[in-house]
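Below is the file final27.json, which contains JSON, C-alpha atoms and all ligand atoms.
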[["chain", "number", "residue", "atom", "x", "y", "z"],
["A", 23, "MET", "CA", 5.93, -6.70, -21.39],
["A", 24, "THR", "CA", 5.18, -4.12, -18.72],
["A", 25, "GLY", "CA", 7.92, -5.08, -16.28],
["A", 26, "LEU", "CA", 10.79, -2.71, -15.72],
["A", 27, "PRO", "CA", 14.39, -3.79, -15.36],
["A", 28, "ALA", "CA", 15.93, -2.94, -12.01],
["A", 29, "GLY", "CA", 16.68, 0.75, -11.82],
["A", 30, "ALA", "CA", 14.63, 1.66, -14.89],
["A", 31, "ALA", "CA", 12.00, 3.34, -12.73],
["A", 32, "THR", "CA", 14.20, 6.34, -12.13],
["A", 33, "GLY", "CA", 16.94, 5.81, -14.64],
["A", 34, "THR", "CA", 19.57, 4.55, -12.21],
["A", 35, "ALA", "CA", 19.94, 1.60, -9.86],
["A", 36, "ASP", "CA", 21.96, 3.50, -7.26],
["A", 37, "PRO", "CA", 19.55, 4.38, -4.44],
["A", 38, "ALA", "CA", 21.67, 7.35, -3.41],
["A", 39, "GLU", "CA", 21.13, 9.01, -6.80],
["A", 40, "ARG", "CA", 17.41, 8.41, -6.97],
["A", 41, "PRO", "CA", 14.73, 10.80, -5.74],
["A", 42, "ALA", "CA", 12.95, 9.61, -2.62],
["A", 43, "ALA", "CA", 9.68, 7.83, -3.33],
["A", 44, "LEU", "CA", 7.93, 9.90, -0.68],
["A", 45, "GLU", "CA", 9.38, 12.78, 1.28],
["A", 46, "LEU", "CA", 7.64, 14.80, 3.97],
["A", 47, "GLU", "CA", 9.03, 17.81, 5.78],
["A", 48, "ASP", "CA", 7.18, 19.10, 8.83],
["A", 49, "VAL", "CA", 3.82, 18.11, 7.34],
["A", 50, "SER", "CA", 0.51, 18.34, 9.15],
["A", 51, "VAL", "CA", -2.91, 17.25, 7.93],
["A", 52, "VAL", "CA", -6.26, 18.63, 9.00],
["A", 53, "ARG", "CA", -9.60, 16.98, 8.28],
["A", 54, "GLY", "CA", -12.98, 18.30, 9.37],
["A", 55, "GLY", "CA", -11.24, 21.03, 11.35],
["A", 56, "ARG", "CA", -9.19, 18.53, 13.38],
["A", 57, "THR", "CA", -5.47, 17.86, 13.07],
["A", 58, "VAL", "CA", -5.13, 14.17, 12.13],
["A", 59, "TRP", "CA", -1.35, 14.16, 12.52],
["A", 60, "SER", "CA", 1.49, 16.67, 12.52],
["A", 61, "ASP", "CA", 5.30, 17.00, 12.51],
["A", 62, "GLY", "CA", 5.56, 14.52, 9.64],
["A", 63, "THR", "CA", 9.21, 14.50, 8.59],
["A", 64, "PHE", "CA", 10.59, 11.42, 6.87],
["A", 65, "SER", "CA", 11.92, 10.15, 3.59],
["A", 66, "VAL", "CA", 11.03, 6.79, 2.02],
["A", 67, "ARG", "CA", 13.80, 5.85, -0.38],
["A", 68, "ALA", "CA", 12.96, 4.43, -3.79],
["A", 69, "GLY", "CA", 12.92, 0.63, -3.64],
["A", 70, "ALA", "CA", 11.75, 0.33, -0.03],
["A", 71, "VAL", "CA", 8.92, -1.93, 1.15],
["A", 72, "VAL", "CA", 7.19, -0.03, 3.91],
["A", 73, "GLY", "CA", 4.50, -1.10, 6.34],
["A", 74, "VAL", "CA", 2.19, 1.71, 7.43],
["A", 75, "ILE", "CA", 0.78, 0.94, 10.85],
["A", 76, "GLY", "CA", -1.22, 2.55, 13.61],
["A", 77, "PRO", "CA", -4.61, 2.20, 15.28],
["A", 78, "ASN", "CA", -7.92, 2.91, 13.58],
["A", 79, "GLY", "CA", -8.32, 6.58, 12.79],
["A", 80, "ALA", "CA", -4.62, 7.39, 13.22],
["A", 81, "GLY", "CA", -4.36, 8.67, 9.64],
["A", 82, "LYS", "CA", -2.85, 5.86, 7.54],
["A", 83, "THR", "CA", -5.31, 6.23, 4.67],
["A", 84, "THR", "CA", -4.91, 9.99, 5.06],
["A", 85, "LEU", "CA", -1.16, 9.62, 4.39],
["A", 86, "PHE", "CA", -1.90, 7.83, 1.10],
["A", 87, "GLN", "CA", -4.49, 10.44, 0.12],
["A", 88, "LEU", "CA", -1.89, 13.11, 0.74],
["A", 89, "ALA", "CA", 0.63, 11.34, -1.53],
["A", 90, "LEU", "CA", -2.04, 10.94, -4.21],
["A", 91, "GLY", "CA", -2.85, 14.65, -4.20],
["A", 92, "LEU", "CA", -6.39, 13.91, -3.03],
["A", 93, "LEU", "CA", -5.87, 15.92, 0.14],
["A", 94, "PRO", "CA", -3.71, 19.02, 0.63],
["A", 95, "ALA", "CA", -1.24, 19.27, 3.49],
["A", 96, "ALA", "CA", -2.25, 21.92, 6.04],
["A", 97, "GLY", "CA", 1.44, 22.75, 6.38],
["A", 98, "GLY", "CA", 4.87, 21.58, 5.36],
["A", 99, "ARG", "CA", 6.29, 20.12, 2.15],
["A", 100, "VAL", "CA", 5.38, 16.86, 0.39],
["A", 101, "GLU", "CA", 7.21, 15.32, -2.57],
["A", 102, "VAL", "CA", 6.24, 12.12, -4.34],
["A", 103, "LEU", "CA", 8.72, 10.61, -6.80],
["A", 104, "GLY", "CA", 10.55, 13.92, -6.91],
["A", 105, "ALA", "CA", 7.58, 16.25, -7.47],
["A", 106, "PRO", "CA", 4.68, 17.73, -5.51],
["A", 107, "PRO", "CA", 1.64, 15.42, -5.26],
["A", 108, "ARG", "CA", -0.84, 15.68, -8.10],
["A", 109, "ARG", "CA", -4.06, 13.85, -8.83],
["A", 110, "GLY", "CA", -3.97, 11.23, -11.54],
["A", 111, "ASN", "CA", -0.21, 10.59, -11.24],
["A", 112, "ARG", "CA", 0.20, 7.52, -13.43],
["A", 113, "ARG", "CA", 3.43, 6.57, -11.71],
["A", 114, "ILE", "CA", 1.49, 5.73, -8.55],
["A", 115, "GLY", "CA", -0.58, 2.54, -8.36],
["A", 116, "TYR", "CA", -3.24, 2.64, -5.65],
["A", 117, "VAL", "CA", -5.49, 0.00, -4.17],
["A", 118, "PRO", "CA", -7.86, 1.82, -1.81],
["A", 119, "GLN", "CA", -9.07, 0.35, 1.48],
["A", 120, "ASN", "CA", -12.10, -1.94, 0.98],
["A", 121, "TYR", "CA", -11.74, -1.37, -2.75],
["A", 122, "THR", "CA", -13.02, -4.69, -3.99],
["A", 123, "ALA", "CA", -16.01, -4.65, -1.63],
["A", 124, "ALA", "CA", -17.00, -1.20, -2.90],
["A", 125, "LEU", "CA", -16.97, -2.14, -6.58],
["A", 126, "GLY", "CA", -20.16, -2.57, -8.53],
["A", 127, "ASP", "CA", -21.17, -6.21, -8.94],
["A", 128, "ALA", "CA", -21.09, -6.26, -12.68],
["A", 129, "ILE", "CA", -17.57, -5.21, -13.59],
["A", 130, "ARG", "CA", -15.41, -7.82, -15.30],
["A", 131, "CYS", "CA", -11.86, -8.39, -14.08],
["A", 132, "ARG", "CA", -10.38, -7.41, -17.42],
["A", 133, "ASP", "CA", -12.38, -4.16, -17.49],
["A", 134, "LEU", "CA", -11.27, -3.28, -13.97],
["A", 135, "VAL", "CA", -7.62, -3.71, -14.91],
["A", 136, "THR", "CA", -8.17, -1.71, -18.11],
["A", 137, "LEU", "CA", -9.38, 1.18, -15.93],
["A", 138, "GLY", "CA", -5.85, 1.35, -14.56],
["A", 139, "LEU", "CA", -4.68, 2.36, -18.05],
["A", 140, "THR", "CA", -7.54, 4.45, -19.34],
["A", 141, "GLY", "CA", -8.74, 6.01, -16.06],
["A", 142, "GLY", "CA", -12.02, 7.88, -16.21],
["A", 143, "ARG", "CA", -12.13, 7.70, -19.98],
["A", 144, "PHE", "CA", -12.95, 4.01, -19.89],
["A", 145, "GLY", "CA", -15.96, 3.20, -22.03],
["A", 146, "LEU", "CA", -15.61, 6.33, -24.14],
["A", 147, "ARG", "CA", -12.91, 4.96, -26.39],
["A", 148, "ARG", "CA", -11.69, 1.62, -27.60],
["A", 149, "THR", "CA", -8.45, 0.31, -26.21],
["A", 150, "SER", "CA", -5.53, -0.30, -28.53],
["A", 151, "ALA", "CA", -4.00, -3.73, -29.11],
["A", 152, "ALA", "CA", -0.94, -2.60, -27.14],
["A", 153, "GLU", "CA", -3.12, -1.57, -24.21],
["A", 154, "ARG", "CA", -4.97, -4.89, -24.27],
["A", 155, "ALA", "CA", -1.64, -6.70, -24.26],
["A", 156, "ARG", "CA", -0.57, -4.74, -21.19],
["A", 157, "VAL", "CA", -3.80, -5.68, -19.43],
["A", 158, "ASP", "CA", -3.16, -9.34, -20.27],
["A", 159, "ASP", "CA", 0.39, -9.02, -18.94],
["A", 160, "ALA", "CA", -0.80, -7.54, -15.65],
["A", 161, "LEU", "CA", -3.50, -10.21, -15.25],
["A", 162, "ARG", "CA", -0.95, -12.94, -15.92],
["A", 163, "ARG", "CA", 1.55, -11.36, -13.56],
["A", 164, "VAL", "CA", -0.82, -11.57, -10.60],
["A", 165, "GLY", "CA", -2.10, -15.02, -11.57],
["A", 166, "ALA", "CA", -5.59, -13.79, -12.46],
["A", 167, "TYR", "CA", -5.53, -14.44, -16.21],
["A", 168, "ASP", "CA", -7.66, -17.58, -15.94],
["A", 169, "TYR", "CA", -10.58, -15.66, -14.54],
["A", 170, "ALA", "CA", -10.09, -12.45, -16.51],
["A", 171, "GLU", "CA", -13.52, -12.71, -18.16],
["A", 172, "ARG", "CA", -15.39, -13.29, -14.92],
["A", 173, "ARG", "CA", -17.14, -10.61, -12.92],
["A", 174, "MET", "CA", -15.48, -9.39, -9.74],
["A", 175, "SER", "CA", -18.56, -10.37, -7.72],
["A", 176, "GLU", "CA", -18.04, -14.00, -8.74],
["A", 177, "LEU", "CA", -14.54, -14.20, -7.24],
["A", 178, "SER", "CA", -13.17, -14.96, -3.79],
["A", 179, "GLY", "CA", -11.57, -12.20, -1.73],
["A", 180, "GLY", "CA", -8.08, -13.40, -2.59],
["A", 181, "GLN", "CA", -8.85, -13.50, -6.31],
["A", 182, "GLN", "CA", -10.39, -10.02, -6.15],
["A", 183, "GLN", "CA", -7.31, -8.64, -4.41],
["A", 184, "ARG", "CA", -5.09, -9.99, -7.19],
["A", 185, "VAL", "CA", -7.19, -8.22, -9.81],
["A", 186, "ALA", "CA", -7.06, -4.98, -7.79],
["A", 187, "ILE", "CA", -3.25, -5.26, -7.69],
["A", 188, "ALA", "CA", -3.20, -5.94, -11.44],
["A", 189, "GLN", "CA", -5.06, -2.67, -11.94],
["A", 190, "ALA", "CA", -2.50, -0.86, -9.77],
["A", 191, "ILE", "CA", 0.53, -2.22, -11.70],
["A", 192, "VAL", "CA", -0.84, -2.17, -15.25],
["A", 193, "ASP", "CA", 0.45, 1.33, -15.95],
["A", 194, "ASP", "CA", 4.04, 0.69, -14.79],
["A", 195, "ALA", "CA", 3.69, 2.22, -11.34],
["A", 196, "HIS", "CA", 6.91, 3.23, -9.62],
["A", 197, "LEU", "CA", 5.15, 3.51, -6.29],
["A", 198, "LEU", "CA", 2.45, 1.12, -5.09],
["A", 199, "LEU", "CA", 0.13, 2.25, -2.30],
["A", 200, "LEU", "CA", -1.89, -0.65, -0.93],
["A", 201, "ASP", "CA", -4.41, 0.10, 1.81],
["A", 202, "GLU", "CA", -5.04, -3.06, 3.84],
["A", 203, "PRO", "CA", -4.64, -5.53, 0.95],
["A", 204, "LEU", "CA", -4.68, -8.48, 3.37],
["A", 205, "ALA", "CA", -7.95, -7.60, 5.12],
["A", 206, "ASN", "CA", -10.46, -10.49, 5.06],
["A", 207, "LEU", "CA", -8.03, -12.93, 3.46],
["A", 208, "ASP", "CA", -7.30, -16.36, 4.91],
["A", 209, "LEU", "CA", -3.72, -17.24, 5.86],
["A", 210, "ARG", "CA", -2.88, -18.88, 2.58],
["A", 211, "ASN", "CA", -4.19, -15.99, 0.51],
["A", 212, "GLN", "CA", -2.40, -13.50, 2.75],
["A", 213, "GLN", "CA", 0.85, -15.32, 2.13],
["A", 214, "GLU", "CA", 0.25, -15.52, -1.60],
["A", 215, "ILE", "CA", -0.42, -11.80, -1.85],
["A", 216, "VAL", "CA", 2.71, -11.05, 0.22],
["A", 217, "ARG", "CA", 4.76, -13.33, -2.03],
["A", 218, "LEU", "CA", 3.36, -11.51, -5.06],
["A", 219, "LEU", "CA", 4.37, -8.16, -3.54],
["A", 220, "GLY", "CA", 7.88, -9.47, -2.86],
["A", 221, "ASP", "CA", 8.17, -10.71, -6.46],
["A", 222, "LEU", "CA", 6.87, -7.43, -7.92],
["A", 223, "HIS", "CA", 9.33, -5.52, -5.78],
["A", 224, "ARG", "CA", 12.24, -7.60, -7.05],
["A", 225, "GLU", "CA", 11.21, -7.70, -10.69],
["A", 226, "ARG", "CA", 10.05, -4.13, -11.18],
["A", 227, "ASP", "CA", 12.07, -2.19, -8.67],
["A", 228, "VAL", "CA", 8.84, -0.69, -7.42],
["A", 229, "THR", "CA", 8.54, 1.06, -4.04],
["A", 230, "ILE", "CA", 5.72, -0.47, -2.02],
["A", 231, "MET", "CA", 3.81, 1.01, 0.90],
["A", 232, "VAL", "CA", 1.30, -1.26, 2.62],
["A", 233, "VAL", "CA", -1.19, -0.38, 5.33],
["A", 234, "ALA", "CA", -1.76, -3.32, 7.66],
["A", 235, "HIS", "CA", -3.04, -4.06, 11.13],
["A", 236, "ASP", "CA", -1.31, -7.43, 11.40],
["A", 237, "LEU", "CA", 2.37, -7.08, 10.59],
["A", 238, "ASN", "CA", 3.11, -10.81, 10.79],
["A", 239, "PRO", "CA", 2.28, -11.90, 7.25],
["A", 240, "LEU", "CA", 4.23, -8.93, 5.85],
["A", 241, "LEU", "CA", 7.38, -9.25, 7.96],
["A", 242, "PRO", "CA", 9.23, -11.37, 5.34],
["A", 243, "VAL", "CA", 9.12, -8.48, 2.83],
["A", 244, "LEU", "CA", 9.07, -5.28, 4.89],
["A", 245, "THR", "CA", 12.27, -3.28, 5.08],
["A", 246, "GLU", "CA", 10.85, -0.52, 7.26],
["A", 247, "ALA", "CA", 7.68, 0.91, 8.75],
["A", 248, "ILE", "CA", 5.91, 4.20, 9.19],
["A", 249, "TYR", "CA", 3.99, 4.18, 12.44],
["A", 250, "LEU", "CA", 1.51, 6.81, 13.53],
["A", 251, "LEU", "CA", 2.15, 7.28, 17.22],
["A", 252, "ASP", "CA", 0.66, 9.99, 19.45],
["A", 253, "GLY", "CA", -0.42, 12.05, 16.45],
["A", 254, "HIS", "CA", 2.87, 11.99, 14.56],
["A", 255, "PRO", "CA", 4.28, 9.78, 11.79],
["A", 256, "HIS", "CA", 7.61, 8.07, 12.54],
["A", 257, "HIS", "CA", 9.75, 6.12, 10.10],
["A", 258, "ASP", "CA", 12.23, 3.43, 11.13],
["A", 259, "PRO", "CA", 13.77, 0.14, 9.97],
["A", 260, "ILE", "CA", 11.36, -2.74, 10.55],
["A", 261, "THR", "CA", 13.52, -4.36, 13.24],
["A", 262, "ASP", "CA", 13.35, -1.15, 15.29],
["A", 263, "VAL", "CA", 9.57, -1.09, 14.99],
["A", 264, "VAL", "CA", 8.86, -4.71, 15.91],
["A", 265, "GLN", "CA", 9.51, -4.07, 19.60],
["A", 266, "GLU", "CA", 7.16, -4.93, 22.44],
["A", 267, "GLU", "CA", 7.24, -1.54, 24.10],
["A", 268, "LEU", "CA", 6.68, 0.40, 20.90],
["A", 269, "LEU", "CA", 3.84, -1.79, 19.60],
["A", 270, "THR", "CA", 2.17, -1.89, 23.03],
["A", 271, "HIS", "CA", 2.24, 1.90, 23.16],
["A", 272, "LEU", "CA", 1.11, 2.17, 19.53],
["A", 273, "TYR", "CA", -1.93, -0.07, 19.86],
["A", 274, "GLY", "CA", -2.73, 0.72, 23.49],
["A", 275, "THR", "CA", -2.88, -2.97, 24.38],
["A", 276, "PRO", "CA", -0.16, -5.46, 25.37],
["A", 277, "VAL", "CA", 1.70, -6.77, 22.31],
["A", 278, "GLY", "CA", 4.43, -9.40, 22.59],
["A", 279, "VAL", "CA", 7.29, -9.98, 20.15],
["A", 280, "VAL", "CA", 8.66, -13.50, 19.69],
["A", 281, "ARG", "CA", 11.80, -14.51, 17.84],
["A", 282, "THR", "CA", 11.86, -18.14, 16.73],
["A", 283, "ALA", "CA", 14.93, -20.36, 16.75],
["A", 284, "GLN", "CA", 15.14, -19.72, 12.98],
["A", 285, "GLY", "CA", 15.33, -15.99, 13.65],
["A", 286, "ASP", "CA", 11.82, -15.15, 12.40],
["A", 287, "LEU", "CA", 9.98, -12.38, 14.23],
["A", 288, "PHE", "CA", 6.31, -12.56, 15.24],
["A", 289, "THR", "CA", 4.04, -10.20, 17.09],
["A", 290, "ARG", "CA", 1.20, -11.48, 19.23],
["A", 291, "ALA", "CA", -1.53, -10.07, 21.42],
["A", 292, "ALA", "CA", -0.12, -10.51, 24.93],
["A", 293, "TRP", "CA", -3.36, -10.10, 26.88],
["A", 294, "ARG", "CA", -4.26, -13.01, 29.15],
["A", 295, "ASP", "CA", -7.69, -13.84, 30.59],
["A", 296, "PRO", "CA", -6.98, -13.74, 34.36],
["A", 297, "GLN", "CA", -9.84, -16.26, 34.97],
["A", 298, "ARG", "CA", -8.05, -18.98, 33.00],
["B", 1, "LIG", "N1", -13.50, 12.65, 4.55],
["B", 1, "LIG", "C1", -13.19, 12.94, 5.83],
["B", 1, "LIG", "N2", -13.63, 14.08, 6.41],
["B", 1, "LIG", "C2", -13.32, 14.38, 7.69],
["B", 1, "LIG", "N3", -12.57, 13.60, 8.47],
["B", 1, "LIG", "C3", -12.11, 12.45, 7.95],
["B", 1, "LIG", "C4", -12.40, 12.05, 6.61],
["B", 1, "LIG", "N4", -11.81, 10.86, 6.39],
["B", 1, "LIG", "C5", -11.20, 10.53, 7.52],
["B", 1, "LIG", "N5", -11.37, 11.48, 8.46],
["B", 1, "LIG", "C6", -10.83, 11.46, 9.82],
["B", 1, "LIG", "O1", -9.40, 11.49, 9.72],
["B", 1, "LIG", "C7", -8.83, 10.64, 10.70],
["B", 1, "LIG", "C8", -7.90, 9.65, 10.02],
["B", 1, "LIG", "O2", -8.65, 8.81, 9.16],
["B", 1, "LIG", "P1", -7.97, 7.69, 8.28],
["B", 1, "LIG", "O3", -9.04, 7.14, 7.42],
["B", 1, "LIG", "O4", -6.78, 8.26, 7.63],
["B", 1, "LIG", "O5", -7.52, 6.66, 9.42],
["B", 1, "LIG", "P2", -6.85, 5.23, 9.25],
["B", 1, "LIG", "O6", -5.59, 5.25, 10.05],
["B", 1, "LIG", "O7", -6.76, 4.86, 7.83],
["B", 1, "LIG", "O8", -7.92, 4.31, 10.03],
["B", 1, "LIG", "P3", -8.43, 2.79, 9.72],
["B", 1, "LIG", "O9", -7.42, 1.88, 10.34],
["B", 1, "LIG", "O10", -9.73, 2.73, 10.47],
["B", 1, "LIG", "O11", -8.59, 2.63, 8.25],
["B", 1, "LIG", "C9", -10.00, 9.98, 11.45],
["B", 1, "LIG", "O12", -10.17, 10.67, 12.66],
["B", 1, "LIG", "C10", -11.17, 10.18, 10.54],
["B", 1, "LIG", "O13", -12.34, 10.30, 11.28],
["B", 2, "MG", "MG", -7.67, 3.47, 6.65]]
Translate this structure into structure tokens?
Amino acid sequence: MTGLPAGAATGTADPAERPAALELEDVSVVRGGRTVWSDGTFSVRAGAVVGVIGPNGAGKTTLFQLALGLLPAAGGRVEVLGAPPRRGNRRIGYVPQNYTAALGDAIRCRDLVTLGLTGGRFGLRRTSAAERARVDDALRRVGAYDYAERRMSELSGGQQQRVAIAQAIVDDAHLLLLDEPLANLDLRNQQEIVRLLGDLHRERDVTIMVVAHDLNPLLPVLTEAIYLLDGHPHHDPITDVVQEELLTHLYGTPVGVVRTAQGDLFTRAAWRDPQR
């Protein structure tokens, strides 16, 4: 069983006593000689479910790469799960943007998930029975066990995304970084992935950060959002972020916010064709 009881991730269930999952202090990031964003100061508490939003090129993927130690900060201080970022941190589960599309055709689901345990050494050593059991657990947990022996190229986008998430959770991640996990999924599959994230969050006490362009399917699980506005990251409770003025400014196009009679929030493109 790879699941963690609540609080086991950091030894205590009291959020106040736990190290932040991700903490930035006055951080700036430079790529190709250009500042992507600056003045990054925020703290994501352990156990949060955070949407990461902003227009194309704003630096959402860059934020994840910073947390993963794949990219140094040009300035400021970064801490992930109480320590400076370092490559290969097994406590972070990562599903990169367009991950499943970029995979070789031939890889089997089970082998992909096994990579989450054995990393680059896969293929050079046999896995232990305990490791194989953990892979089975992760595949079952995401509902992908039935197609574990199939090749990724033979699966639908929703099935592939489940396997990618299984790889990210197989090594008991305390922090999950998912870069656009809902891209190219139909409504039903989007909802099923969001439900899976909500369940994983509850069962494993894992902190989740999700990059998304459409907030709507994620609103039931998000507690807060980081939004990259005017070259700076901001961090606020989700209800403060789902505001017409803020989202319109963020995306540079009119965005409306609707609250249903049941109290559910929705965002919608508010542009109207004046000819109609
Ligand atoms: N390897 C790289 N070398 C140089 N510049 C890069 C590199 N990767 C990204 N950039 C630049 O950094 C900026 C932020 O890119 P990033 O991929 O973080 O954006 P994003 O918010 O994830 O966008 P998208 O919504 O399109 O995925 C962009 O201007 C991009 O051109
Ligand atoms: Mg990106």
Residues at most 10 Å from ligand MG 2 (chain B), using all atoms listed in the file? Could they come as a list in words?
Ile75, Gly76, Pro77, Asn78, Gly79, Ala80, Gly81, Lys82, Thr83, Thr84, Leu85, Phe86, Pro118, Gln119, Asn120, Asp201, Glu202, Val233, Ala234 and His235 of chain A
Export of prior selection with C-alpha atoms as a PDB file, in the coordinates of the input:
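What ended up in result11.pdb:
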ATOM      1  CA  ILE A  75       0.780   0.940  10.850  1.00  0.00           C
ATOM      2  CA  GLY A  76      -1.220   2.550  13.610  1.00  0.00           C
ATOM      3  CA  PRO A  77      -4.610   2.200  15.280  1.00  0.00           C
ATOM      4  CA  ASN A  78      -7.920   2.910  13.580  1.00  0.00           C
ATOM      5  CA  GLY A  79      -8.320   6.580  12.790  1.00  0.00           C
ATOM      6  CA  ALA A  80      -4.620   7.390  13.220  1.00  0.00           C
ATOM      7  CA  GLY A  81      -4.360   8.670   9.640  1.00  0.00           C
ATOM      8  CA  LYS A  82      -2.850   5.860   7.540  1.00  0.00           C
ATOM      9  CA  THR A  83      -5.310   6.230   4.670  1.00  0.00           C
ATOM     10  CA  THR A  84      -4.910   9.990   5.060  1.00  0.00           C
ATOM     11  CA  LEU A  85      -1.160   9.620   4.390  1.00  0.00           C
ATOM     12  CA  PHE A  86      -1.900   7.830   1.100  1.00  0.00           C
ATOM     13  CA  PRO A 118      -7.860   1.820  -1.810  1.00  0.00           C
ATOM     14  CA  GLN A 119      -9.070   0.350   1.480  1.00  0.00           C
ATOM     15  CA  ASN A 120     -12.100  -1.940   0.980  1.00  0.00           C
ATOM     16  CA  ASP A 201      -4.410   0.100   1.810  1.00  0.00           C
ATOM     17  CA  GLU A 202      -5.040  -3.060   3.840  1.00  0.00           C
ATOM     18  CA  VAL A 233      -1.190  -0.380   5.330  1.00  0.00           C
ATOM     19  CA  ALA A 234      -1.760  -3.320   7.660  1.00  0.00           C
ATOM     20  CA  HIS A 235      -3.040  -4.060  11.130  1.00  0.00           C
TER      21      HIS A 235
END
Box along x, y and z, 6 Å on every side, all listed atoms of segment 169-181 of chain A inside: centre and edge lengths in Å to one decimal, as AutoDock Vina command-line options.
--center_x -13.3 --center_y -12.5 --center_z -9.9 --size_x 22.5 --size_y 18.3 --size_z 28.4
Residues near segment 258-267 of chain A, cut-off 12 Å, only C-alpha atoms, skip fewer than 5 positions along chain, as an NGL selection string:
:A and (63-67 or 70-76 or 236-238 or 240-251 or 272-281 or 285-292)
From the list A:Gly91, A:Gly69, A:Gly180, A:Gly253, which residue is nearest ligand LIG 1 (chain B) when using only C-alpha atoms and all ligand atoms?
A:Gly253
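Considering only C-alpha atoms and all ligand atoms, the residue among A:Ala152, A:Leu218, A:Val232, A:Met174 positioned nearest to ligand LIG 1 (chain B) is A:Val232.
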Given the point (5.8, -4.4, -4.3) in the coordinates of this file, which residues lie within 10 Å, counting all atoms listed in the file, and how would they look as JSON, numbers by chain?
{"A": [69, 70, 71, 72, 187, 191, 195, 196, 197, 198, 199, 200, 215, 216, 217, 218, 219, 220, 221, 222, 223, 224, 225, 226, 227, 228, 229, 230, 231, 232, 243, 244]}
Identify which of the residues A:Ala151, A:Ala105, A:Ala95, A:Leu44 lies closest to Thr57 of chain A, counting only C-alpha atoms when measuring atom-to-atom distances.
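Nearest to Thr57 of chain A: A:Ala95.
Interatomic distance, atom CA of Tyr116 of chain A to atom CA of Val102 of chain A: 13.5 Å.
Between ligand LIG 1 (chain B) and the candidates A:Ala205, A:Leu268, A:Ala43, A:Leu139, the tightest atom-to-atom separation, counting only C-alpha atoms and all ligand atoms, involves A:Ala205.
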Given only C-alpha atoms and all ligand atoms as the basis, pick out the residue of A:Leu137, A:Val117, A:Val100, A:Val52 nearest to ligand LIG 1 (chain B).
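Ranked by minimum distance to ligand LIG 1 (chain B), first place goes to A:Val52.
Using all atoms listed in the file for every distance, the candidate list A:Arg40, A:Arg130, A:Arg56, A:His254 yields A:Arg130 as the residue closest to Ala186 of chain A.
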Mind giving me the straight-line distance from atom CA of Glu214 of chain A to atom CA of Ala42 of chain A in Å, one decimal?
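Atom CA of Ala42 of chain A lies 28.2 Å from atom CA of Glu214 of chain A.
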In Å, how far is it from atom CA of Gln181 of chain A to atom CA of Thr136 of chain A?
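Distance between the two atoms: 16.7 Å.
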Up to 10 Å from (2.7, 24.4, 4.4) in the file's coordinates: name the residues, counting all atoms listed in the file, as a PyMOL selection string.
chain A and resi 47-51+94-100
Could those residues be written to a file, using C-alpha atoms, as a PDB file, in the frame of the given file?
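As written to disk, part-v7.pdb reads:
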ATOM      1  CA  GLU A  47       9.030  17.810   5.780  1.00  0.00           C
ATOM      2  CA  ASP A  48       7.180  19.100   8.830  1.00  0.00           C
ATOM      3  CA  VAL A  49       3.820  18.110   7.340  1.00  0.00           C
ATOM      4  CA  SER A  50       0.510  18.340   9.150  1.00  0.00           C
ATOM      5  CA  VAL A  51      -2.910  17.250   7.930  1.00  0.00           C
ATOM      6  CA  PRO A  94      -3.710  19.020   0.630  1.00  0.00           C
ATOM      7  CA  ALA A  95      -1.240  19.270   3.490  1.00  0.00           C
ATOM      8  CA  ALA A  96      -2.250  21.920   6.040  1.00  0.00           C
ATOM      9  CA  GLY A  97       1.440  22.750   6.380  1.00  0.00           C
ATOM     10  CA  GLY A  98       4.870  21.580   5.360  1.00  0.00           C
ATOM     11  CA  ARG A  99       6.290  20.120   2.150  1.00  0.00           C
ATOM     12  CA  VAL A 100       5.380  16.860   0.390  1.00  0.00           C
TER      13      VAL A 100
END
